[in-house]
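**Student:** Hey, dropping start.csv in here, CSV, C-alpha atoms:
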chain,number,residue,atom,x,y,z
A,1,MET,CA,11.5,-54.3,-32.4
A,2,THR,CA,13.3,-57.2,-30.7
A,3,VAL,CA,13.4,-60.8,-31.9
A,4,LYS,CA,11.3,-61.8,-28.9
A,5,GLN,CA,8.5,-59.4,-30.0
A,6,THR,CA,8.5,-60.6,-33.6
A,7,PRO,CA,6.2,-63.6,-33.3
A,8,LEU,CA,3.5,-61.5,-31.6
A,9,PHE,CA,3.8,-58.8,-34.2
A,10,LEU,CA,3.6,-61.3,-37.1
A,11,LEU,CA,0.6,-63.0,-35.4
A,12,VAL,CA,-1.3,-59.7,-35.1
A,13,ALA,CA,-0.6,-58.9,-38.8
A,14,ALA,CA,-1.4,-62.4,-39.9
A,15,LEU,CA,-4.8,-62.4,-38.1
A,16,ALA,CA,-5.7,-59.1,-39.6
A,17,ILE,CA,-5.3,-60.7,-43.1
A,18,VAL,CA,-6.8,-64.1,-42.3
A,19,GLY,CA,-10.0,-62.5,-41.0
A,20,SER,CA,-10.7,-61.3,-44.5
A,21,PHE,CA,-10.9,-64.6,-46.2
A,22,ALA,CA,-11.1,-67.5,-43.8
A,23,GLN,CA,-14.5,-68.8,-44.9
A,24,VAL,CA,-15.1,-72.4,-44.2
A,25,GLY,CA,-18.2,-73.8,-42.5
A,26,SER,CA,-20.7,-76.5,-42.1
A,27,VAL,CA,-24.2,-77.0,-43.4
A,28,GLN,CA,-27.2,-77.6,-41.2
A,29,ALA,CA,-30.3,-79.4,-42.2
A,30,GLN,CA,-33.5,-77.5,-42.5
A,31,ASP,CA,-36.5,-78.2,-40.4
A,32,ALA,CA,-38.9,-80.3,-42.5
A,33,THR,CA,-42.0,-79.3,-40.6
A,34,PRO,CA,-43.7,-76.3,-42.1
A,35,PRO,CA,-44.7,-73.8,-39.4
A,36,PRO,CA,-48.0,-72.0,-39.6
A,37,PRO,CA,-48.2,-68.9,-41.9
A,38,ALA,CA,-47.6,-65.5,-40.4
A,39,ALA,CA,-48.6,-62.0,-41.4
A,40,THR,CA,-46.4,-60.2,-44.0
A,41,PRO,CA,-43.3,-59.0,-42.2
A,42,SER,CA,-42.6,-55.3,-42.3
A,43,ASP,CA,-39.4,-53.8,-43.8
A,44,ASP,CA,-38.0,-53.3,-40.3
A,45,GLU,CA,-38.5,-57.0,-39.5
A,46,VAL,CA,-36.8,-58.0,-42.8
A,47,ASN,CA,-34.0,-55.6,-42.3
A,48,ALA,CA,-33.4,-56.8,-38.7
A,49,VAL,CA,-32.5,-60.2,-40.3
A,50,ALA,CA,-30.8,-58.7,-43.4
A,51,LYS,CA,-28.4,-56.5,-41.4
A,52,ASN,CA,-26.6,-59.6,-40.2
A,53,MET,CA,-26.0,-60.7,-43.8
A,54,TYR,CA,-23.9,-59.3,-46.7
A,55,CYS,CA,-24.6,-58.5,-50.3
A,56,PRO,CA,-23.7,-61.4,-52.6
A,57,VAL,CA,-22.5,-59.0,-55.4
A,58,CYS,CA,-21.0,-55.9,-53.7
A,59,GLU,CA,-18.2,-56.6,-51.2
A,60,ASN,CA,-18.6,-55.5,-47.6
A,61,VAL,CA,-22.1,-54.0,-48.0
A,62,PRO,CA,-24.7,-55.1,-45.5
A,63,LEU,CA,-27.8,-56.7,-47.1
A,64,ASP,CA,-30.2,-54.3,-45.4
A,65,VAL,CA,-28.8,-51.2,-47.1
A,66,CYS,CA,-27.6,-52.6,-50.4
A,67,PRO,CA,-29.5,-51.0,-53.3
A,68,THR,CA,-28.7,-53.7,-56.0
A,69,LEU,CA,-31.4,-55.8,-57.6
A,70,ALA,CA,-29.8,-59.0,-56.2
A,71,CYS,CA,-30.1,-57.7,-52.7
A,72,GLN,CA,-33.7,-56.5,-53.2
A,73,GLN,CA,-34.5,-60.1,-54.3
A,74,TRP,CA,-32.8,-61.5,-51.3
A,75,ARG,CA,-34.7,-59.2,-48.9
A,76,GLU,CA,-37.9,-60.3,-50.6
A,77,LEU,CA,-36.8,-63.9,-50.1
A,78,ILE,CA,-36.3,-63.2,-46.4
A,79,ARG,CA,-39.7,-61.6,-46.2
A,80,GLU,CA,-41.2,-64.8,-47.8
A,81,LYS,CA,-39.4,-67.0,-45.4
A,82,LEU,CA,-40.4,-65.0,-42.3
A,83,ALA,CA,-44.0,-64.8,-43.6
A,84,ALA,CA,-43.9,-68.6,-43.8
A,85,GLY,CA,-43.1,-68.7,-40.1
A,86,TRP,CA,-39.4,-69.3,-40.3
A,87,SER,CA,-37.3,-68.1,-37.4
A,88,GLU,CA,-34.3,-65.8,-37.9
A,89,GLN,CA,-31.9,-68.7,-37.5
A,90,ASP,CA,-33.9,-70.8,-40.0
A,91,VAL,CA,-33.4,-68.0,-42.6
A,92,TYR,CA,-29.6,-67.8,-41.9
A,93,ASP,CA,-29.3,-71.6,-42.2
A,94,TYR,CA,-31.2,-71.5,-45.5
A,95,PHE,CA,-29.0,-68.7,-46.9
A,96,VAL,CA,-25.8,-70.5,-45.8
A,97,LEU,CA,-27.0,-73.7,-47.4
A,98,GLN,CA,-27.8,-71.9,-50.7
A,99,TYR,CA,-25.0,-69.4,-50.9
A,100,GLY,CA,-22.3,-70.3,-48.4
A,101,ASP,CA,-21.0,-68.9,-45.1
A,102,ARG,CA,-19.8,-65.7,-46.7
A,103,VAL,CA,-23.4,-64.3,-46.6
A,104,LEU,CA,-23.2,-64.1,-42.8
A,105,ALA,CA,-21.8,-61.0,-41.1
A,106,ALA,CA,-20.4,-63.3,-38.3
A,107,PRO,CA,-19.0,-66.6,-39.8
A,108,PRO,CA,-20.0,-69.8,-37.9
A,109,PRO,CA,-17.3,-70.9,-35.5
A,110,THR,CA,-16.2,-74.0,-37.5
A,111,GLY,CA,-13.1,-75.0,-39.5
A,112,LEU,CA,-10.7,-72.1,-40.2
A,113,ASN,CA,-13.3,-69.7,-38.9
A,114,LEU,CA,-12.4,-70.9,-35.4
A,115,LEU,CA,-9.1,-68.9,-35.7
A,116,ILE,CA,-11.1,-65.7,-35.7
A,117,TYR,CA,-12.8,-66.6,-32.5
A,118,ILE,CA,-9.9,-68.3,-30.7
A,119,ALA,CA,-7.0,-66.1,-31.7
A,120,PRO,CA,-8.0,-62.7,-30.2
A,121,PRO,CA,-8.3,-63.9,-26.6
A,122,VAL,CA,-5.1,-66.0,-27.0
A,123,LEU,CA,-3.3,-62.9,-28.4
A,124,ILE,CA,-4.6,-60.7,-25.6
A,125,ALA,CA,-3.4,-63.2,-23.0
A,126,ALA,CA,0.0,-63.4,-24.8
A,127,ALA,CA,0.3,-59.6,-24.9
A,128,PHE,CA,-0.5,-59.5,-21.1
A,129,TYR,CA,2.1,-62.1,-20.5
A,130,VAL,CA,4.8,-60.3,-22.5
A,131,VAL,CA,4.0,-57.0,-20.7
A,132,TRP,CA,4.2,-58.7,-17.4
A,133,GLN,CA,7.5,-60.3,-18.2
A,134,MET,CA,8.9,-57.0,-19.4
A,135,MET,CA,7.8,-55.2,-16.2
A,136,ARG,CA,9.2,-58.0,-14.1
A,137,ARG,CA,12.6,-57.7,-15.8
A,138,MET,CA,12.6,-54.0,-15.6
A,139,ARG,CA,11.9,-54.1,-11.9
A,140,ALA,CA,14.6,-56.7,-11.4
A,141,ALA,CA,17.0,-54.6,-13.3
A,142,GLY,CA,16.1,-51.5,-11.2
A,143,ASN,CA,16.7,-53.4,-8.0
A,144,ALA,CA,20.0,-54.7,-9.2
A,145,VAL,CA,21.1,-51.1,-10.1
A,146,THR,CA,20.1,-49.9,-6.6
A,147,ALA,CA,21.8,-52.7,-4.8
A,148,GLY,CA,24.9,-52.3,-6.9
A,149,SER,CA,25.1,-48.6,-6.2
A,150,GLU,CA,24.8,-49.2,-2.5
A,151,MET,CA,27.7,-51.7,-2.5
A,152,GLN,CA,30.0,-49.4,-4.5
A,153,PRO,CA,32.7,-47.7,-2.5
A,154,ALA,CA,32.2,-44.0,-2.1
A,155,LYS,CA,33.9,-41.9,-4.7
A,156,PRO,CA,36.4,-39.4,-3.4
A,157,LYS,CA,34.8,-36.0,-3.1
A,158,ASP,CA,36.0,-33.3,-5.4
A,159,GLU,CA,37.6,-30.2,-3.9
A,160,TYR,CA,34.6,-28.0,-4.6
A,161,GLN,CA,32.1,-30.4,-3.0
A,162,ALA,CA,34.3,-30.9,0.1
A,163,ARG,CA,34.6,-27.2,0.5
A,164,LEU,CA,30.9,-26.6,0.1
A,165,GLU,CA,30.1,-29.2,2.8
A,166,ASP,CA,32.7,-27.7,5.2
A,167,GLU,CA,31.1,-24.3,4.7
A,168,LEU,CA,27.6,-25.6,5.4
A,169,LYS,CA,28.8,-27.4,8.5
A,170,ARG,CA,30.4,-24.3,9.8
A,171,LEU,CA,27.2,-22.3,9.0
A,172,ASP,CA,25.2,-24.8,11.1
A,173,ARG,CA,27.6,-24.5,14.0
A,174,GLY,CA,27.3,-20.7,13.8
A,175,ASP,CA,31.1,-20.2,13.3
B,1,MET,CA,22.6,-56.1,-19.8
B,2,ASN,CA,19.3,-57.0,-18.2
B,3,GLU,CA,20.1,-60.7,-18.2
B,4,SER,CA,23.3,-60.1,-16.3
B,5,MET,CA,21.3,-58.7,-13.4
B,6,GLU,CA,19.0,-61.7,-13.1
B,7,SER,CA,19.6,-64.2,-10.4
B,8,PRO,CA,20.8,-67.6,-11.5
B,9,ASP,CA,17.4,-69.2,-10.6
B,10,ASP,CA,15.5,-66.6,-12.7
B,11,MET,CA,17.9,-67.2,-15.6
B,12,VAL,CA,17.3,-71.0,-15.5
B,13,THR,CA,13.5,-70.6,-15.2
B,14,ASN,CA,13.4,-68.0,-18.0
B,15,LYS,CA,15.5,-70.0,-20.3
B,16,VAL,CA,13.4,-73.2,-19.9
B,17,GLY,CA,10.0,-71.6,-19.8
B,18,GLY,CA,10.8,-68.8,-22.3
B,19,GLY,CA,12.4,-71.2,-24.7
B,20,TRP,CA,9.3,-73.4,-24.9
B,21,GLY,CA,7.0,-70.4,-25.0
B,22,ARG,CA,8.9,-68.8,-27.8
B,23,ALA,CA,9.0,-72.0,-29.8
B,24,LEU,CA,5.2,-72.4,-29.4
B,25,ALA,CA,4.7,-68.8,-30.4
B,26,TRP,CA,6.7,-69.4,-33.6
B,27,VAL,CA,4.9,-72.6,-34.4
B,28,PHE,CA,1.6,-70.8,-34.0
B,29,VAL,CA,2.7,-67.9,-36.1
B,30,LEU,CA,4.1,-70.1,-38.8
B,31,ALA,CA,0.9,-72.2,-38.9
B,32,VAL,CA,-1.2,-69.0,-39.3
B,33,LEU,CA,1.1,-67.7,-42.0
B,34,ALA,CA,0.8,-71.1,-43.8
B,35,VAL,CA,-3.0,-70.9,-43.8
B,36,ILE,CA,-2.8,-67.3,-45.1
B,37,ALA,CA,-0.3,-68.3,-47.8
B,38,VAL,CA,-2.7,-71.0,-49.1
B,39,GLN,CA,-5.7,-68.7,-49.0
B,40,LEU,CA,-3.7,-65.9,-50.8
B,41,ARG,CA,-2.5,-68.3,-53.4
B,42,LYS,CA,-6.1,-69.4,-54.1
B,43,THR,CA,-7.2,-65.7,-54.3
B,44,MET,CA,-4.5,-64.7,-56.6
B,45,GLU,CA,-4.6,-67.6,-58.9
B,46,GLY,CA,-6.7,-65.8,-61.5
B,47,GLY,CA,-9.0,-67.7,-63.9
B,48,ILE,CA,-8.5,-71.2,-65.0
B,49,LEU,CA,-6.2,-71.7,-67.9
B,50,LEU,CA,-7.1,-72.8,-71.4
B,51,ASN,CA,-6.1,-76.4,-72.3
B,52,GLU,CA,-5.9,-77.4,-68.7
B,53,LYS,CA,-8.3,-79.7,-67.0
B,54,ALA,CA,-11.6,-78.0,-66.3
B,55,PRO,CA,-13.0,-78.3,-62.7
B,56,THR,CA,-15.3,-81.3,-62.2
B,57,PHE,CA,-18.6,-80.5,-60.5
B,58,THR,CA,-22.1,-81.8,-60.0
B,59,LEU,CA,-25.0,-79.5,-60.7
B,60,THR,CA,-28.3,-79.9,-58.8
B,61,LEU,CA,-31.1,-79.0,-61.2
B,62,PHE,CA,-34.1,-76.8,-60.5
B,63,ASP,CA,-36.3,-79.5,-61.8
B,64,GLY,CA,-34.8,-82.3,-59.7
B,65,GLY,CA,-31.9,-84.6,-60.4
B,66,GLU,CA,-28.3,-83.9,-60.9
B,67,ILE,CA,-25.8,-83.7,-63.7
B,68,GLY,CA,-22.2,-84.8,-62.8
B,69,PRO,CA,-19.0,-85.8,-64.4
B,70,ALA,CA,-20.5,-89.1,-65.6
B,71,GLU,CA,-23.1,-87.2,-67.7
B,72,MET,CA,-20.4,-84.8,-69.1
B,73,GLN,CA,-17.8,-87.4,-70.1
B,74,GLY,CA,-16.9,-87.4,-73.7
B,75,LYS,CA,-19.1,-84.4,-74.5
B,76,VAL,CA,-18.5,-80.8,-75.3
B,77,VAL,CA,-19.9,-79.0,-72.3
B,78,VAL,CA,-21.0,-75.3,-72.4
B,79,VAL,CA,-21.2,-74.0,-68.8
B,80,ASN,CA,-23.0,-70.7,-68.6
B,81,PHE,CA,-23.0,-68.7,-65.3
B,82,TRP,CA,-25.9,-66.3,-65.1
B,83,ALA,CA,-28.4,-64.7,-62.7
B,84,SER,CA,-31.9,-63.2,-63.0
B,85,TRP,CA,-30.6,-59.9,-61.6
B,86,CYS,CA,-27.9,-59.7,-64.3
B,87,LYS,CA,-29.0,-57.5,-67.2
B,88,PRO,CA,-26.1,-58.5,-69.6
B,89,CYS,CA,-27.2,-62.1,-69.1
B,90,GLU,CA,-30.5,-61.3,-70.9
B,91,GLU,CA,-28.6,-60.3,-74.0
B,92,GLU,CA,-27.4,-63.8,-74.7
B,93,ALA,CA,-30.2,-65.8,-73.1
B,94,GLU,CA,-32.1,-66.4,-76.4
B,95,GLU,CA,-29.0,-67.2,-78.4
B,96,LEU,CA,-27.9,-69.8,-75.8
B,97,GLN,CA,-31.3,-71.5,-76.0
B,98,GLN,CA,-31.2,-71.4,-79.8
B,99,ALA,CA,-27.7,-72.9,-79.8
B,100,TRP,CA,-28.9,-75.7,-77.4
B,101,GLU,CA,-31.8,-76.5,-79.7
B,102,TYR,CA,-29.3,-76.7,-82.6
B,103,TYR,CA,-27.1,-79.2,-80.9
B,104,GLN,CA,-29.6,-81.0,-78.6
B,105,ASP,CA,-30.3,-84.0,-80.9
B,106,ARG,CA,-26.6,-84.8,-81.5
B,107,GLY,CA,-26.1,-86.0,-78.0
B,108,ASP,CA,-22.4,-85.0,-77.8
B,109,VAL,CA,-23.0,-81.4,-76.7
B,110,LEU,CA,-24.3,-80.4,-73.3
B,111,PHE,CA,-25.4,-77.0,-72.2
B,112,LEU,CA,-25.6,-76.2,-68.5
B,113,GLY,CA,-26.9,-73.1,-66.8
B,114,VAL,CA,-25.4,-72.3,-63.4
B,115,ASP,CA,-27.5,-69.8,-61.6
B,116,TYR,CA,-25.2,-67.6,-59.4
B,117,VAL,CA,-26.4,-66.2,-56.1
B,118,ASP,CA,-30.0,-65.9,-57.2
B,119,THR,CA,-33.4,-66.7,-55.7
B,120,GLU,CA,-35.1,-69.7,-57.1
B,121,THR,CA,-38.4,-67.8,-57.6
B,122,GLU,CA,-36.7,-65.1,-59.8
B,123,ALA,CA,-34.6,-67.7,-61.5
B,124,ARG,CA,-37.6,-69.7,-62.6
B,125,VAL,CA,-39.3,-66.5,-63.9
B,126,TYR,CA,-36.2,-65.8,-66.0
B,127,LEU,CA,-36.1,-69.3,-67.4
B,128,ASP,CA,-39.7,-69.1,-68.4
B,129,ARG,CA,-39.4,-65.7,-69.9
B,130,PHE,CA,-36.6,-66.8,-72.2
B,131,GLY,CA,-38.0,-70.3,-72.8
B,132,ILE,CA,-34.8,-71.9,-71.6
B,133,THR,CA,-35.0,-75.7,-71.7
B,134,TYR,CA,-31.4,-76.8,-71.2
B,135,PRO,CA,-30.5,-78.1,-67.7
B,136,ASN,CA,-30.2,-75.3,-65.1
B,137,GLY,CA,-29.6,-75.3,-61.4
B,138,PRO,CA,-28.4,-73.1,-58.6
B,139,ASP,CA,-24.8,-72.7,-57.7
B,140,LEU,CA,-25.2,-74.1,-54.2
B,141,ARG,CA,-22.8,-72.6,-51.7
B,142,THR,CA,-21.2,-70.9,-54.8
B,143,SER,CA,-19.0,-74.0,-55.0
B,144,ILE,CA,-19.1,-74.2,-58.8
B,145,SER,CA,-18.4,-70.5,-59.4
B,146,GLN,CA,-15.5,-70.8,-56.9
B,147,ALA,CA,-14.1,-73.8,-58.7
B,148,PHE,CA,-14.2,-71.9,-62.0
B,149,ARG,CA,-13.0,-68.8,-60.3
B,150,ILE,CA,-15.5,-66.6,-62.2
B,151,THR,CA,-15.1,-62.9,-62.0
B,152,GLY,CA,-18.8,-62.1,-62.6
B,153,VAL,CA,-21.8,-63.0,-64.7
B,154,PRO,CA,-22.4,-63.8,-67.5
B,155,GLU,CA,-19.4,-66.0,-68.0
B,156,THR,CA,-19.3,-69.1,-70.2
B,157,TYR,CA,-16.8,-71.9,-70.3
B,158,ILE,CA,-16.6,-74.4,-73.2
B,159,ILE,CA,-15.1,-77.7,-72.1
B,160,SER,CA,-13.7,-80.1,-74.7
B,161,ARG,CA,-14.6,-83.8,-75.0
B,162,ALA,CA,-11.3,-84.6,-73.1
B,163,GLY,CA,-12.4,-82.4,-70.2
B,164,ASP,CA,-10.0,-79.6,-70.9
B,165,LEU,CA,-11.0,-75.9,-70.9
B,166,PHE,CA,-11.4,-75.0,-74.6
B,167,TYR,CA,-12.7,-71.4,-74.4
B,168,THR,CA,-13.7,-68.8,-71.8
B,169,LYS,CA,-16.2,-66.0,-72.6
B,170,VAL,CA,-16.4,-63.2,-70.2
B,171,GLY,CA,-19.5,-61.2,-70.8
B,172,PRO,CA,-22.4,-62.0,-73.1
B,173,PHE,CA,-22.1,-63.7,-76.5
B,174,THR,CA,-22.9,-61.2,-79.2
B,175,SER,CA,-24.6,-63.6,-81.6
B,176,LEU,CA,-25.8,-67.1,-82.2
B,177,GLN,CA,-23.1,-67.5,-84.8
B,178,GLU,CA,-20.4,-66.8,-82.2
B,179,ILE,CA,-21.6,-69.6,-80.0
B,180,LEU,CA,-22.0,-72.1,-82.9
B,181,THR,CA,-18.5,-71.3,-84.2
B,182,LEU,CA,-16.9,-71.9,-80.9
B,183,VAL,CA,-18.8,-75.1,-80.2
B,184,ASP,CA,-18.0,-76.5,-83.7
B,185,GLN,CA,-14.4,-75.8,-83.1
B,186,ALA,CA,-14.5,-77.6,-79.8
B,187,LEU,CA,-16.3,-80.6,-81.5
B,188,ALA,CA,-13.6,-80.7,-84.2
B,189,GLU,CA,-10.8,-80.8,-81.7
Would it be possible to restate this file's structure as C-alpha cells?
**Tutor:**
Amino acid sequence: MTVKQTPLFLLVAALAIVGSFAQVGSVQAQDATPPPPAATPSDDEVNAVAKNMYCPVCENVPLDVCPTLACQQWRELIREKLAAGWSEQDVYDYFVLQYGDRVLAAPPPTGLNLLIYIAPPVLIAAAFYVVWQMMRRMRAAGNAVTAGSEMQPAKPKDEYQARLEDELKRLDRGD
Amino acid sequence: MNESMESPDDMVTNKVGGGWGRALAWVFVLAVLAVIAVQLRKTMEGGILLNEKAPTFTLTLFDGGEIGPAEMQGKVVVVNFWASWCKPCEEEAEELQQAWEYYQDRGDVLFLGVDYVDTETEARVYLDRFGITYPNGPDLRTSISQAFRITGVPETYIISRAGDLFYTKVGPFTSLQEILTLVDQALAE
C-alpha cells in the first residue's frame, strides 16, 4: 500500500467501526391530538413496524423476531399504539423519545449519525477519483515509454538476426 | 519513475491539486479517527469507580414531577435500576421497599427506582404487585443508565451524602439486612 492510498484505507476502516456506535439524535414532539381508535392490529401489522426496530436487551436482534419478554412487551406496546390510531412514524418517534435512537434500525440523520449517511457517497466518489488518477498516470507512463522507444537509436543487429534477415530476403527474391 | 514521465504542466497541476486533496483527505480521516477514539474511550471505560463523583441526573417520575440533584443533595441516595421483564429484580423488590420504609422518616436517605427499557403499563403492574412506594420513573432515552454505565439489571448504586459513589451492587440484594448494613455505612461516612 502506498502512502497516497493510506488515507482512503484508514477512512474505510474507520467508518466500519464508527457505524457500530455513532448514536446521537434529536427528539421530536408527539402529536397531542388523539386519533380515532382502530381495530386491533394483527401480528403482521405489528411486526411490519417492529422489524425496523431492535431489541433493547439483546444486541443486533430485530424486534419482530426477538423472543425475550422485554421484546414481547414492546411488541404489545406497538400493538396498543397502532390500535390507538398512531402512524408508523408516530410509533418510532415515541420509542426514540422513550428509549433513544438505538432502538431504530436506521438511525436518524442527525449529529454524528450524519457520518453514516454522508461518508459512503464521499468515499465512493473519492475511490473513483483515485482510480481515475491512477489510470491517467498509467496511460501517461505508457505513452512516454512508447514515445521514448521510438526516439531511441536502433540497436546494432546481432550476427544471427542479420543473417536470418538476409536469408529471408534471398528467399523472397527466389535466389 | 512515473513522475519523471509527466509533462511539466501535469506535474505542477498534480502537485497543487494533489497536495490539497491529500491534506483534506488526511484531515477528514483524522477527524473520523478522533470521533472513534472518543466513542471507544466511552465504551471501554467500564463502570464508574467507588469514591468518585457519581453522575448527576434528573429522574422523571411515573406519578408526575421530577427528582434532580437539588433533591438529592446532602442525602444518601440508593439508585436501583430494574425492569418488569427482569426476573432477578423481583428477588429484591420487597426488600428494597422494606428498606425504604425503614429509612423514609429520617429524611436523609432517598431511594430511587430507575425503570430500564420497560413499558409503562408493565412497570406500573410491577410496582403495584410489590407495593413499591419510593419514587420511580422511566430511564428516558436510557440517559441515566448510560451515565452510570450499567451492565444489566438489577444494579444498585449507593451514593454518599457528598455525592460520591459509595457502593455498587451488581445483581439482586440477597436480604434486607444487606441493604440496611450498606446504607448505615454510607450514613456513618
**Student:** May I have the residues within 12 Å of A:Ala48 as a short mmCIF file (atom, residue, chain, number, x, y, z; two decimals) with C-alpha atoms, keeping the file's coordinate frame, using all atoms listed in the file and disregarding those fewer than 2 positions away in the same chain?
**Tutor:**
data_model
loop_
_atom_site.label_atom_id
_atom_site.label_comp_id
_atom_site.auth_asym_id
_atom_site.auth_seq_id
_atom_site.Cartn_x
_atom_site.Cartn_y
_atom_site.Cartn_z
CA PRO A 41 -43.30 -59.00 -42.20
CA SER A 42 -42.60 -55.30 -42.30
CA ASP A 43 -39.40 -53.80 -43.80
CA ASP A 44 -38.00 -53.30 -40.30
CA GLU A 45 -38.50 -57.00 -39.50
CA VAL A 46 -36.80 -58.00 -42.80
CA ALA A 50 -30.80 -58.70 -43.40
CA LYS A 51 -28.40 -56.50 -41.40
CA ASN A 52 -26.60 -59.60 -40.20
CA MET A 53 -26.00 -60.70 -43.80
CA PRO A 62 -24.70 -55.10 -45.50
CA LEU A 63 -27.80 -56.70 -47.10
CA ASP A 64 -30.20 -54.30 -45.40
CA VAL A 65 -28.80 -51.20 -47.10
CA ARG A 75 -34.70 -59.20 -48.90
CA ILE A 78 -36.30 -63.20 -46.40
CA ARG A 79 -39.70 -61.60 -46.20
CA LEU A 82 -40.40 -65.00 -42.30
CA GLU A 88 -34.30 -65.80 -37.90
CA VAL A 91 -33.40 -68.00 -42.60
#
**Student:** Please find the residues of chain B near chain A - the criterion being any atom within 9 Å, counting all atoms listed in the file - and write them as a PyMOL selection string.
**Tutor:** chain B and resi 1-6+22+25-26+28-30+32-33+35-36+39-40+43+83-86+116-119+121-122+138-143+152
**Student:** Work out how far apart atom CA of B:Glu52 and atom CA of B:Val76 are and give it in Å to one decimal.
**Tutor:**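 Computed distance, atom CA of B:Glu52 to atom CA of B:Val76, equals 14.6 Å.
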**Student:** I want to know what sits within 9 Å of B:Arg149, based on all atoms listed in the file, with residues of the same chain fewer than 5 positions away left out; could you give that as a list of chain:residue names?
**Tutor:**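 So, after excluding close chain neighbours, the residues are B:Thr43, B:Glu45, B:Gly46, B:Gly47, B:Ile48, B:Ile144.
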**Student:** Rounded to one decimal in Å, what is the spacing between atom CA of B:Arg129 and atom CA of B:Asp184?
**Tutor:**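 Answer for the atom CA of B:Arg129 to atom CA of B:Asp184 separation: 27.7 Å.
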**Student:** Expressed in Å to a single decimal, how great is the separation between atom CA of B:Gln97 and atom CA of B:Lys169?
**Tutor:**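 Interatomic distance, atom CA of B:Gln97 to atom CA of B:Lys169: 16.4 Å.
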**Student:** Which residue gives the smallest distance to B:Gly113 among B:Glu91, B:Glu189, B:Glu178, B:Glu155, with only C-alpha atoms counted?
**Tutor:** B:Glu155
**Student:** Quick one: residues within 7 Å of B:Asn136, all atoms listed in the file, excluding same-chain residues fewer than 3 positions away - as a list of chain:residue names?
**Tutor:**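 Close residues of B:Asn136: B:Leu61, B:Phe62, B:Leu112, B:Gly113, B:Val114.
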**Student:** Just the selected residues (C-alpha atoms), exported as a short mmCIF file (atom, residue, chain, number, x, y, z; two decimals), keeping the file's coordinate frame, please.
**Tutor:**
data_model
loop_
_atom_site.label_atom_id
_atom_site.label_comp_id
_atom_site.auth_asym_id
_atom_site.auth_seq_id
_atom_site.Cartn_x
_atom_site.Cartn_y
_atom_site.Cartn_z
CA LEU B 61 -31.10 -79.00 -61.20
CA PHE B 62 -34.10 -76.80 -60.50
CA LEU B 112 -25.60 -76.20 -68.50
CA GLY B 113 -26.90 -73.10 -66.80
CA VAL B 114 -25.40 -72.30 -63.40
#
**Student:** Point out the residue among A:Ile124, A:Ala39, A:Ile118, A:Ala162 with the least atom-to-atom distance to A:Ala84, counting all atoms listed in the file.
**Tutor:**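 Residue with the minimum atom-to-atom distance to A:Ala84: A:Ala39.
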**Student:** If you count all atoms listed in the file, which residues fall within 9 Å of B:Ala186, apart from same-chain ones fewer than 3 positions away, as a PyMOL selection string?
**Tutor:** chain B and resi 76+158-161+166-167+181-183+189
**Student:** Which protein, DNA or RNA residues have an atom at most 6 Å from (-23.8, -67.2, -71.6), counting all atoms listed in the file? List them as number ranges by chain.
**Tutor:** B: 80, 92, 154-156, 172
**Student:** Which residues come within 10 Å of B:Gln98, counting all atoms listed in the file, excluding same-chain residues fewer than 3 positions away, as a ChimeraX atom specification?
**Tutor:** /B:92-95,101-104,131-133,176,179-180
**Student:** Rebuild stretch 39-50 of chain B so that it carries N, CA and C atoms, then output the result as a CSV table (one decimal), keeping the file's coordinate frame.
**Tutor:**
chain,number,residue,atom,x,y,z
B,39,GLN,N,-4.5,-69.5,-48.7
B,39,GLN,CA,-5.7,-68.7,-49.0
B,39,GLN,C,-5.3,-67.6,-50.1
B,40,LEU,N,-4.2,-66.9,-49.9
B,40,LEU,CA,-3.7,-65.9,-50.8
B,40,LEU,C,-3.4,-66.5,-52.2
B,41,ARG,N,-2.8,-67.7,-52.1
B,41,ARG,CA,-2.5,-68.3,-53.4
B,41,ARG,C,-3.8,-68.6,-54.2
B,42,LYS,N,-4.8,-69.1,-53.4
B,42,LYS,CA,-6.1,-69.4,-54.1
B,42,LYS,C,-6.7,-68.1,-54.7
B,43,THR,N,-6.6,-67.0,-53.9
B,43,THR,CA,-7.2,-65.7,-54.3
B,43,THR,C,-6.5,-65.2,-55.5
B,44,MET,N,-5.2,-65.3,-55.5
B,44,MET,CA,-4.5,-64.7,-56.6
B,44,MET,C,-4.2,-65.5,-57.8
B,45,GLU,N,-4.8,-66.7,-57.8
B,45,GLU,CA,-4.6,-67.6,-58.9
B,45,GLU,C,-5.1,-67.1,-60.3
B,46,GLY,N,-6.1,-66.3,-60.2
B,46,GLY,CA,-6.7,-65.8,-61.5
B,46,GLY,C,-7.6,-66.9,-62.1
B,47,GLY,N,-8.0,-66.7,-63.3
B,47,GLY,CA,-9.0,-67.7,-63.9
B,47,GLY,C,-8.3,-69.0,-64.3
B,48,ILE,N,-9.1,-70.0,-64.5
B,48,ILE,CA,-8.5,-71.2,-65.0
B,48,ILE,C,-8.0,-71.1,-66.4
B,49,LEU,N,-7.0,-71.9,-66.7
B,49,LEU,CA,-6.2,-71.7,-67.9
B,49,LEU,C,-6.8,-72.6,-69.1
B,50,LEU,N,-6.7,-72.1,-70.3
B,50,LEU,CA,-7.1,-72.8,-71.4
B,50,LEU,C,-6.2,-74.1,-71.6
